[in-house]
Amino acid sequence: MDAISFMPLQNPQRNSPSMKPRLSIVLPIFNESKNLEPTLREVTSVLEGLQNPYEIIVVDDGSSDGSWGKIEKLTQTYQGIKAIRFTRNFGKEAAILAGLQSSSGDAAIIMDADLQHPPALISEMVKIWEDEGVDVVHAVKSERENEPLMRRFFTKCFYKAMKRFSGLELEGTTDFKLLDRTVVDQYVRLPERIRFFRGIITWLGHRHAHVSFKPGIRRNGKSRWSILSLFRLGFRALFAFSALPLQIITLLGIITFLASIFLGIETVIKKFTGGAAEGFPTVIILLLFIGSTLMISLGLIGQYIAMIYDEVKQRPPFVIEKTIE
Ligand code: UDP
Ligand code: MG
């Protein structure tokens, strides 16, 4: 990756008095056949109100509920829809990347297609982008009341860990964001395959603004995230942004080494003073402690190796089956 890629990129269209900037809306879709039409209707009505030229990019992340058939029909009724279909479910991160890669607007807005991200917020985000000259507008959840208690708890822990380990403040952020063309270009040019959209956008820096919103209730169907898949995402995100877990292993190693010197001296003294037979419980506790620490450490290192392995294989993050322009 050459350094030139990360030179400031120009976006002459923005704030040009002659023409309204063009907007790209990116909608990742996985089994949203029931939510698609209502989402498109609301999004288009907001965009028509704004009078900016626009495109809506629908990325079908391998849906199996007939979403693609719906999309094909909707492209005939609605203006400005581009659609991409993956060969299978590659995950939301891949869908966002594909949408951004094929976008050409001066700003891209990424949002969920289940109406949990209110389309009405688009106008506010565009206004902030134009008036305040920021490059990223984050839509931040003002509350998480609609989410299950367990999910809220683990999300909070994840944000805390993320802040401590990588310094990135992600509390409340969502994938609902407006990105200036410069940021979109930099995002798609990043060489990494394992992506955590929210983290990378914050990591890229730039001028940011926030708008808060109250997330709606999912219109149809269920959230695709189980606690297990959220854990997976959380760990991958954490490991992608921090090597601190590896340093913690070293620290643990030093602590156990110091403890072993102390216990070693005690054992030798006991041997010579005739009390060596005692201390069997200590041996068991030590064995268990060291054994489990070693296994956890190996697991952590293994996780990093697995991620490096995924990166070096250089497989594309998604495979496209077909597109509609
Ligand atoms: N999504 C996707 N691929 C997936 C899972 C989800 O494109 O593998 C899309 C989904 O269709 C929706 C958005 O990502 O538009 C958010 O998904 P969901 O509502 O399940 O997540 P939550 O709102 O619970 O975070
Ligand atoms: Mg949702």
# chains A, B, ... in the order shown; residues from 1 in each chain; ligands from 1
call {"tool": "residues_around", "arguments": {"residues": "stretch 289-299 of chain A", "least_positions_apart": "6", "cutoff": "10 Å", "atoms": "only C-alpha atoms", "output": "NGL selection string"}}
result
:A and (245-246 or 248-250 or 252-253 or 256 or 283 or 305)
call {"tool": "write_last_selection", "arguments": {"atoms": "N, CA, C and O atoms", "output": "compact mmCIF listing (two decimals), in the first residue's frame"}}
result
# COMPACT_ATOMS: atom_id res chain seq x y z
N PRO A 245 -3.70 -7.97 24.59
CA PRO A 245 -3.85 -9.32 25.19
C PRO A 245 -2.54 -10.10 25.18
O PRO A 245 -2.24 -10.83 26.14
N LEU A 246 -1.74 -9.93 24.15
CA LEU A 246 -0.45 -10.63 24.09
C LEU A 246 0.50 -10.11 25.16
O LEU A 246 1.26 -10.86 25.76
N ILE A 248 -0.45 -8.84 27.98
CA ILE A 248 -0.95 -9.31 29.27
C ILE A 248 -0.39 -10.69 29.59
O ILE A 248 -0.03 -11.01 30.72
N ILE A 249 -0.25 -11.52 28.54
CA ILE A 249 0.33 -12.86 28.74
C ILE A 249 1.74 -12.74 29.30
O ILE A 249 2.11 -13.43 30.25
N THR A 250 2.52 -11.83 28.73
CA THR A 250 3.89 -11.64 29.21
C THR A 250 3.87 -11.21 30.67
O THR A 250 4.64 -11.71 31.49
N LEU A 252 1.55 -11.81 32.88
CA LEU A 252 1.17 -12.97 33.70
C LEU A 252 2.38 -13.88 33.90
O LEU A 252 2.59 -14.42 34.99
N GLY A 253 3.14 -14.04 32.83
CA GLY A 253 4.35 -14.88 32.89
C GLY A 253 5.31 -14.35 33.94
O GLY A 253 5.86 -15.11 34.73
N THR A 256 3.91 -15.00 37.49
CA THR A 256 4.04 -16.41 37.94
C THR A 256 5.51 -16.75 38.17
O THR A 256 5.83 -17.53 39.06
N VAL A 283 0.51 -27.50 45.60
CA VAL A 283 0.93 -28.06 44.31
C VAL A 283 -0.26 -28.15 43.36
O VAL A 283 -0.18 -27.76 42.19
N ILE A 305 -3.00 -15.80 15.41
CA ILE A 305 -2.45 -16.55 14.27
C ILE A 305 -3.56 -16.82 13.26
O ILE A 305 -3.37 -16.68 12.05
call {"tool": "closest_atom_pairs", "arguments": {"of": "chain A", "to": "ligand 2", "cutoff": "6 Å", "atoms": "only C-alpha atoms and all ligand atoms", "output": "Markdown table"}}
result
| residue | atom | partner | partner_atom_place_in_ligand_line | distance |
| --- | --- | --- | --- | --- |
| A:Asp114 | CA | ligand 2 | 1 (Mg) | 5.6 |
| A:Gln116 | CA | ligand 2 | 1 (Mg) | 5.5 |
| A:Arg218 | CA | ligand 2 | 1 (Mg) | 5.6 |
| A:Ser223 | CA | ligand 2 | 1 (Mg) | 5.5 |
call {"tool": "write_last_selection", "arguments": {"atoms": "N, CA and C atoms", "output": "PDB file, in the first residue's frame"}}
result
ATOM      1  N   ASP A 114     -33.896  -2.644   8.322  1.00  0.00           N
ATOM      2  CA  ASP A 114     -35.045  -3.140   9.075  1.00  0.00           C
ATOM      3  C   ASP A 114     -35.793  -1.997   9.761  1.00  0.00           C
ATOM      4  N   GLN A 116     -34.736   0.036  11.851  1.00  0.00           N
ATOM      5  CA  GLN A 116     -34.281   0.384  13.205  1.00  0.00           C
ATOM      6  C   GLN A 116     -33.484   1.682  13.140  1.00  0.00           C
ATOM      7  N   ARG A 218     -37.334  -3.502  15.452  1.00  0.00           N
ATOM      8  CA  ARG A 218     -37.201  -4.199  14.175  1.00  0.00           C
ATOM      9  C   ARG A 218     -38.589  -4.452  13.587  1.00  0.00           C
ATOM     10  N   SER A 223     -33.360 -10.212  14.989  1.00  0.00           N
ATOM     11  CA  SER A 223     -31.975  -9.788  14.835  1.00  0.00           C
ATOM     12  C   SER A 223     -31.135 -11.012  14.461  1.00  0.00           C
TER      13      SER A 223
END
call {"tool": "atom_distance", "arguments": {"atom1": "atom CA of A:Ile109", "atom2": "atom CA of A:Ser24"}}
result
6.2 Å
call {"tool": "closest_residue", "arguments": {"among": "A:Arg88, A:Lys271, A:His138, A:Lys127", "to": "ligand 1", "atoms": "only C-alpha atoms and all ligand atoms"}}
result
A:Arg88
call {"tool": "closest_atom_pairs", "arguments": {"of": "chain A", "to": "ligand 1", "cutoff": "6 Å", "atoms": "only C-alpha atoms and all ligand atoms", "output": "Markdown table"}}
result
| residue | atom | partner | partner_atom_place_in_ligand_line | distance |
| --- | --- | --- | --- | --- |
| A:Pro28 | CA | ligand 1 | 7 (O) | 4.0 |
| A:Ile29 | CA | ligand 1 | 11 (O) | 3.6 |
| A:Phe30 | CA | ligand 1 | 11 (O) | 3.8 |
| A:Glu32 | CA | ligand 1 | 11 (O) | 5.6 |
| A:Asp61 | CA | ligand 1 | 7 (O) | 5.1 |
| A:Asn89 | CA | ligand 1 | 8 (O) | 5.9 |
| A:Gly91 | CA | ligand 1 | 8 (O) | 3.7 |
| A:Lys92 | CA | ligand 1 | 3 (N) | 3.8 |
| A:Ala95 | CA | ligand 1 | 7 (O) | 5.7 |
| A:Asp112 | CA | ligand 1 | 15 (O) | 3.7 |
| A:Ala113 | CA | ligand 1 | 15 (O) | 3.8 |
| A:Asp114 | CA | ligand 1 | 15 (O) | 5.4 |
| A:Ser223 | CA | ligand 1 | 20 (O) | 3.5 |
| A:Arg224 | CA | ligand 1 | 20 (O) | 3.7 |
| A:Trp225 | CA | ligand 1 | 24 (O) | 5.7 |
call {"tool": "closest_atom_pairs", "arguments": {"of": "stretch 179-262 of chain A", "to": "stretch 142-146 of chain A", "cutoff": "6 Å", "atoms": "only C-alpha atoms", "output": "tab-separated table"}}
result
residue	atom	partner	partner_atom	distance
A:Ser212	CA	A:Ser142	CA	5.5
A:Phe213	CA	A:Ser142	CA	5.6
A:Lys214	CA	A:Ser142	CA	5.5
call {"tool": "closest_atom_pairs", "arguments": {"of": "stretch 112-141 of chain A", "to": "stretch 185-203 of chain A", "cutoff": "12 Å", "atoms": "only C-alpha atoms", "output": "Markdown table"}}
result
| residue | atom | partner | partner_atom | distance |
| --- | --- | --- | --- | --- |
| A:Asp135 | CA | A:Ile201 | CA | 10.4 |
| A:Val136 | CA | A:Ile201 | CA | 8.2 |
| A:Val137 | CA | A:Ile201 | CA | 10.5 |
| A:His138 | CA | A:Arg198 | CA | 9.5 |
| A:Ala139 | CA | A:Arg198 | CA | 11.2 |
| A:Val140 | CA | A:Arg198 | CA | 11.4 |
call {"tool": "residues_around", "arguments": {"residues": "A:Arg152", "least_positions_apart": "4", "cutoff": "12 Å", "atoms": "only C-alpha atoms", "output": "list in words"}}
result
Glu143, Arg144, Glu145, Asn146, Glu147, Pro148, Lys156, Cys157, Phe158, Tyr159, Glu171, Gly172, Ile227 and Leu230 of chain A
call {"tool": "select_by_dssp", "arguments": {"residues": "stretch 27-241 of chain A", "states": "strand (DSSP E)", "output": "ChimeraX atom specification"}}
result
/A:27-29,54-60,81-86,107-110,136-141,173-180,208-213
call {"tool": "residues_around", "arguments": {"residues": "A:Ile56", "least_positions_apart": "5", "cutoff": "8 Å", "atoms": "only C-alpha atoms", "output": "JSON, numbers by chain"}}
result
{"A": [24, 25, 26, 27, 80, 81, 82]}
call {"tool": "write_last_selection", "arguments": {"atoms": "C-alpha atoms", "output": "compact mmCIF listing (two decimals), in the first residue's frame"}}
result
# COMPACT_ATOMS: atom_id res chain seq x y z
CA SER A 24 -25.25 7.10 -1.98
CA ILE A 25 -27.32 5.05 0.43
CA VAL A 26 -25.91 1.62 1.25
CA LEU A 27 -28.34 -1.00 2.55
CA GLY A 80 -31.83 4.99 -8.77
CA ILE A 81 -31.45 1.53 -7.28
CA LYS A 82 -28.30 -0.49 -7.80
call {"tool": "closest_residue", "arguments": {"among": "A:Phe154, A:Ala108, A:Thr182, A:Gln101", "to": "A:Arg232", "atoms": "only C-alpha atoms"}}
result
A:Phe154
call {"tool": "residues_around", "arguments": {"residues": "A:Thr323", "least_positions_apart": "5", "cutoff": "8 Å", "atoms": "only C-alpha atoms", "output": "short mmCIF file (atom, residue, chain, number, x, y, z; two decimals) with N, CA, C and O atoms, in the first residue's frame"}}
result
data_model
loop_
_atom_site.label_atom_id
_atom_site.label_comp_id
_atom_site.auth_asym_id
_atom_site.auth_seq_id
_atom_site.Cartn_x
_atom_site.Cartn_y
_atom_site.Cartn_z
N LYS A 82 -29.32 0.43 -7.30
CA LYS A 82 -28.30 -0.49 -7.80
C LYS A 82 -28.37 -1.68 -6.87
O LYS A 82 -28.58 -1.50 -5.66
N ALA A 83 -28.21 -2.89 -7.39
CA ALA A 83 -28.26 -4.03 -6.48
C ALA A 83 -27.10 -4.98 -6.74
O ALA A 83 -26.65 -5.15 -7.87
N ILE A 84 -26.61 -5.55 -5.65
CA ILE A 84 -25.50 -6.50 -5.73
C ILE A 84 -25.94 -7.74 -4.98
O ILE A 84 -26.50 -7.64 -3.88
N ARG A 85 -25.72 -8.91 -5.57
CA ARG A 85 -26.04 -10.14 -4.84
C ARG A 85 -24.78 -10.97 -4.63
O ARG A 85 -24.05 -11.25 -5.57
#
call {"tool": "closest_residue", "arguments": {"among": "A:Val59, A:Ile110, A:Ile284, A:Ile122", "to": "A:Phe90", "atoms": "only C-alpha atoms"}}
result
A:Val59
call {"tool": "closest_residue", "arguments": {"among": "A:Arg207, A:Ala161, A:Leu288, A:Thr173", "to": "A:Ala237", "atoms": "only C-alpha atoms"}}
result
A:Ala161
call {"tool": "closest_residue", "arguments": {"among": "A:Pro38, A:Pro281, A:Gly264, A:Pro317", "to": "A:Pro118", "atoms": "only C-alpha atoms"}}
result
A:Pro38
call {"tool": "closest_residue", "arguments": {"among": "A:Met307, A:His206, A:Lys34, A:Gly99", "to": "A:Gly69", "atoms": "only C-alpha atoms"}}
result
A:Lys34
call {"tool": "select_by_dssp", "arguments": {"residues": "stretch 24-171 of chain A", "states": "helix (DSSP H, G or I)", "output": "NGL selection string"}}
result
:A and (33-50 or 67-77 or 92-102 or 121-132 or 149-166)
call {"tool": "atom_distance", "arguments": {"atom1": "atom CA of A:Ala107", "atom2": "atom CA of A:Leu178"}}
result
6.6 Å
call {"tool": "decode", "arguments": {"residues": "stretch 175-205 of chain A", "atoms": "N, CA, C and O atoms", "output": "PDB file, in the first residue's frame"}}
result
ATOM      1  N   ASP A 175     -23.610   1.273  13.009  1.00  0.00           N
ATOM      2  CA  ASP A 175     -23.099   1.305  11.634  1.00  0.00           C
ATOM      3  C   ASP A 175     -23.828   2.372  10.811  1.00  0.00           C
ATOM      4  O   ASP A 175     -23.528   2.554   9.641  1.00  0.00           O
ATOM      5  N   PHE A 176     -24.796   3.037  11.430  1.00  0.00           N
ATOM      6  CA  PHE A 176     -25.551   4.097  10.747  1.00  0.00           C
ATOM      7  C   PHE A 176     -24.667   5.343  10.713  1.00  0.00           C
ATOM      8  O   PHE A 176     -24.502   6.030  11.715  1.00  0.00           O
ATOM      9  N   LYS A 177     -24.051   5.605   9.548  1.00  0.00           N
ATOM     10  CA  LYS A 177     -23.101   6.706   9.454  1.00  0.00           C
ATOM     11  C   LYS A 177     -23.180   7.384   8.098  1.00  0.00           C
ATOM     12  O   LYS A 177     -23.521   6.740   7.106  1.00  0.00           O
ATOM     13  N   LEU A 178     -22.826   8.644   8.086  1.00  0.00           N
ATOM     14  CA  LEU A 178     -22.615   9.329   6.811  1.00  0.00           C
ATOM     15  C   LEU A 178     -21.114   9.517   6.659  1.00  0.00           C
ATOM     16  O   LEU A 178     -20.449   9.993   7.581  1.00  0.00           O
ATOM     17  N   LEU A 179     -20.582   9.106   5.512  1.00  0.00           N
ATOM     18  CA  LEU A 179     -19.147   9.262   5.255  1.00  0.00           C
ATOM     19  C   LEU A 179     -18.943  10.134   4.038  1.00  0.00           C
ATOM     20  O   LEU A 179     -19.589   9.931   3.001  1.00  0.00           O
ATOM     21  N   ASP A 180     -18.045  11.087   4.156  1.00  0.00           N
ATOM     22  CA  ASP A 180     -17.679  11.886   3.008  1.00  0.00           C
ATOM     23  C   ASP A 180     -16.925  10.995   2.014  1.00  0.00           C
ATOM     24  O   ASP A 180     -16.315   9.999   2.407  1.00  0.00           O
ATOM     25  N   ARG A 181     -16.965  11.344   0.736  1.00  0.00           N
ATOM     26  CA  ARG A 181     -16.282  10.565  -0.312  1.00  0.00           C
ATOM     27  C   ARG A 181     -14.822  10.272   0.052  1.00  0.00           C
ATOM     28  O   ARG A 181     -14.319   9.184  -0.171  1.00  0.00           O
ATOM     29  N   THR A 182     -14.126  11.270   0.641  1.00  0.00           N
ATOM     30  CA  THR A 182     -12.712  11.065   0.999  1.00  0.00           C
ATOM     31  C   THR A 182     -12.574   9.882   1.964  1.00  0.00           C
ATOM     32  O   THR A 182     -11.679   9.062   1.825  1.00  0.00           O
ATOM     33  N   VAL A 183     -13.495   9.811   2.928  1.00  0.00           N
ATOM     34  CA  VAL A 183     -13.425   8.734   3.920  1.00  0.00           C
ATOM     35  C   VAL A 183     -13.785   7.394   3.265  1.00  0.00           C
ATOM     36  O   VAL A 183     -13.141   6.368   3.517  1.00  0.00           O
ATOM     37  N   VAL A 184     -14.791   7.410   2.376  1.00  0.00           N
ATOM     38  CA  VAL A 184     -15.188   6.179   1.679  1.00  0.00           C
ATOM     39  C   VAL A 184     -13.992   5.646   0.895  1.00  0.00           C
ATOM     40  O   VAL A 184     -13.651   4.461   0.972  1.00  0.00           O
ATOM     41  N   ASP A 185     -13.321   6.541   0.160  1.00  0.00           N
ATOM     42  CA  ASP A 185     -12.176   6.102  -0.646  1.00  0.00           C
ATOM     43  C   ASP A 185     -11.079   5.508   0.221  1.00  0.00           C
ATOM     44  O   ASP A 185     -10.495   4.483  -0.115  1.00  0.00           O
ATOM     45  N   GLN A 186     -10.819   6.157   1.350  1.00  0.00           N
ATOM     46  CA  GLN A 186      -9.772   5.627   2.221  1.00  0.00           C
ATOM     47  C   GLN A 186     -10.187   4.285   2.815  1.00  0.00           C
ATOM     48  O   GLN A 186      -9.373   3.377   2.917  1.00  0.00           O
ATOM     49  N   TYR A 187     -11.455   4.155   3.161  1.00  0.00           N
ATOM     50  CA  TYR A 187     -11.926   2.902   3.756  1.00  0.00           C
ATOM     51  C   TYR A 187     -11.783   1.747   2.764  1.00  0.00           C
ATOM     52  O   TYR A 187     -11.275   0.683   3.112  1.00  0.00           O
ATOM     53  N   VAL A 188     -12.225   1.964   1.525  1.00  0.00           N
ATOM     54  CA  VAL A 188     -12.179   0.839   0.580  1.00  0.00           C
ATOM     55  C   VAL A 188     -10.756   0.517   0.137  1.00  0.00           C
ATOM     56  O   VAL A 188     -10.481  -0.578  -0.307  1.00  0.00           O
ATOM     57  N   ARG A 189      -9.842   1.478   0.290  1.00  0.00           N
ATOM     58  CA  ARG A 189      -8.461   1.207  -0.104  1.00  0.00           C
ATOM     59  C   ARG A 189      -7.661   0.466   0.950  1.00  0.00           C
ATOM     60  O   ARG A 189      -6.548   0.031   0.692  1.00  0.00           O
ATOM     61  N   LEU A 190      -8.183   0.378   2.155  1.00  0.00           N
ATOM     62  CA  LEU A 190      -7.436  -0.344   3.196  1.00  0.00           C
ATOM     63  C   LEU A 190      -7.227  -1.782   2.750  1.00  0.00           C
ATOM     64  O   LEU A 190      -8.147  -2.401   2.216  1.00  0.00           O
ATOM     65  N   PRO A 191      -6.038  -2.329   2.974  1.00  0.00           N
ATOM     66  CA  PRO A 191      -5.776  -3.671   2.461  1.00  0.00           C
ATOM     67  C   PRO A 191      -6.341  -4.788   3.331  1.00  0.00           C
ATOM     68  O   PRO A 191      -6.407  -5.924   2.905  1.00  0.00           O
ATOM     69  N   GLU A 192      -6.757  -4.476   4.557  1.00  0.00           N
ATOM     70  CA  GLU A 192      -7.120  -5.589   5.440  1.00  0.00           C
ATOM     71  C   GLU A 192      -8.444  -6.237   5.060  1.00  0.00           C
ATOM     72  O   GLU A 192      -9.347  -5.607   4.535  1.00  0.00           O
ATOM     73  N   ARG A 193      -8.529  -7.535   5.337  1.00  0.00           N
ATOM     74  CA  ARG A 193      -9.703  -8.309   4.987  1.00  0.00           C
ATOM     75  C   ARG A 193     -10.659  -8.436   6.154  1.00  0.00           C
ATOM     76  O   ARG A 193     -11.865  -8.398   5.983  1.00  0.00           O
ATOM     77  N   ILE A 194     -10.099  -8.619   7.361  1.00  0.00           N
ATOM     78  CA  ILE A 194     -10.972  -8.714   8.525  1.00  0.00           C
ATOM     79  C   ILE A 194     -11.286  -7.285   8.943  1.00  0.00           C
ATOM     80  O   ILE A 194     -10.400  -6.546   9.354  1.00  0.00           O
ATOM     81  N   ARG A 195     -12.535  -6.900   8.778  1.00  0.00           N
ATOM     82  CA  ARG A 195     -12.869  -5.500   9.015  1.00  0.00           C
ATOM     83  C   ARG A 195     -13.891  -5.347  10.121  1.00  0.00           C
ATOM     84  O   ARG A 195     -14.788  -6.151  10.255  1.00  0.00           O
ATOM     85  N   PHE A 196     -13.721  -4.268  10.869  1.00  0.00           N
ATOM     86  CA  PHE A 196     -14.735  -3.879  11.843  1.00  0.00           C
ATOM     87  C   PHE A 196     -15.034  -2.426  11.518  1.00  0.00           C
ATOM     88  O   PHE A 196     -14.294  -1.525  11.907  1.00  0.00           O
ATOM     89  N   PHE A 197     -16.087  -2.263  10.730  1.00  0.00           N
ATOM     90  CA  PHE A 197     -16.419  -0.975  10.128  1.00  0.00           C
ATOM     91  C   PHE A 197     -16.369   0.185  11.126  1.00  0.00           C
ATOM     92  O   PHE A 197     -15.670   1.177  10.928  1.00  0.00           O
ATOM     93  N   ARG A 198     -17.116   0.015  12.227  1.00  0.00           N
ATOM     94  CA  ARG A 198     -17.191   1.089  13.222  1.00  0.00           C
ATOM     95  C   ARG A 198     -15.825   1.490  13.752  1.00  0.00           C
ATOM     96  O   ARG A 198     -15.507   2.654  13.882  1.00  0.00           O
ATOM     97  N   GLY A 199     -15.023   0.468  14.058  1.00  0.00           N
ATOM     98  CA  GLY A 199     -13.702   0.725  14.623  1.00  0.00           C
ATOM     99  C   GLY A 199     -12.808   1.430  13.613  1.00  0.00           C
ATOM    100  O   GLY A 199     -12.135   2.410  13.938  1.00  0.00           O
ATOM    101  N   ILE A 200     -12.807   0.947  12.375  1.00  0.00           N
ATOM    102  CA  ILE A 200     -11.896   1.514  11.375  1.00  0.00           C
ATOM    103  C   ILE A 200     -12.255   2.972  11.075  1.00  0.00           C
ATOM    104  O   ILE A 200     -11.370   3.815  10.948  1.00  0.00           O
ATOM    105  N   ILE A 201     -13.546   3.269  10.981  1.00  0.00           N
ATOM    106  CA  ILE A 201     -13.941   4.651  10.678  1.00  0.00           C
ATOM    107  C   ILE A 201     -13.462   5.588  11.790  1.00  0.00           C
ATOM    108  O   ILE A 201     -12.941   6.671  11.525  1.00  0.00           O
ATOM    109  N   THR A 202     -13.584   5.149  13.031  1.00  0.00           N
ATOM    110  CA  THR A 202     -13.104   5.974  14.141  1.00  0.00           C
ATOM    111  C   THR A 202     -11.582   6.060  14.097  1.00  0.00           C
ATOM    112  O   THR A 202     -10.996   7.116  14.304  1.00  0.00           O
ATOM    113  N   TRP A 203     -10.928   4.935  13.782  1.00  0.00           N
ATOM    114  CA  TRP A 203      -9.476   4.879  13.719  1.00  0.00           C
ATOM    115  C   TRP A 203      -8.920   5.819  12.634  1.00  0.00           C
ATOM    116  O   TRP A 203      -7.861   6.435  12.806  1.00  0.00           O
ATOM    117  N   LEU A 204      -9.657   5.919  11.497  1.00  0.00           N
ATOM    118  CA  LEU A 204      -9.179   6.760  10.389  1.00  0.00           C
ATOM    119  C   LEU A 204      -9.049   8.228  10.787  1.00  0.00           C
ATOM    120  O   LEU A 204      -8.340   8.997  10.135  1.00  0.00           O
ATOM    121  N   GLY A 205      -9.741   8.612  11.844  1.00  0.00           N
ATOM    122  CA  GLY A 205      -9.638   9.998  12.301  1.00  0.00           C
ATOM    123  C   GLY A 205     -10.634  10.891  11.591  1.00  0.00           C
ATOM    124  O   GLY A 205     -11.801  10.537  11.501  1.00  0.00           O
TER     125      GLY A 205
END
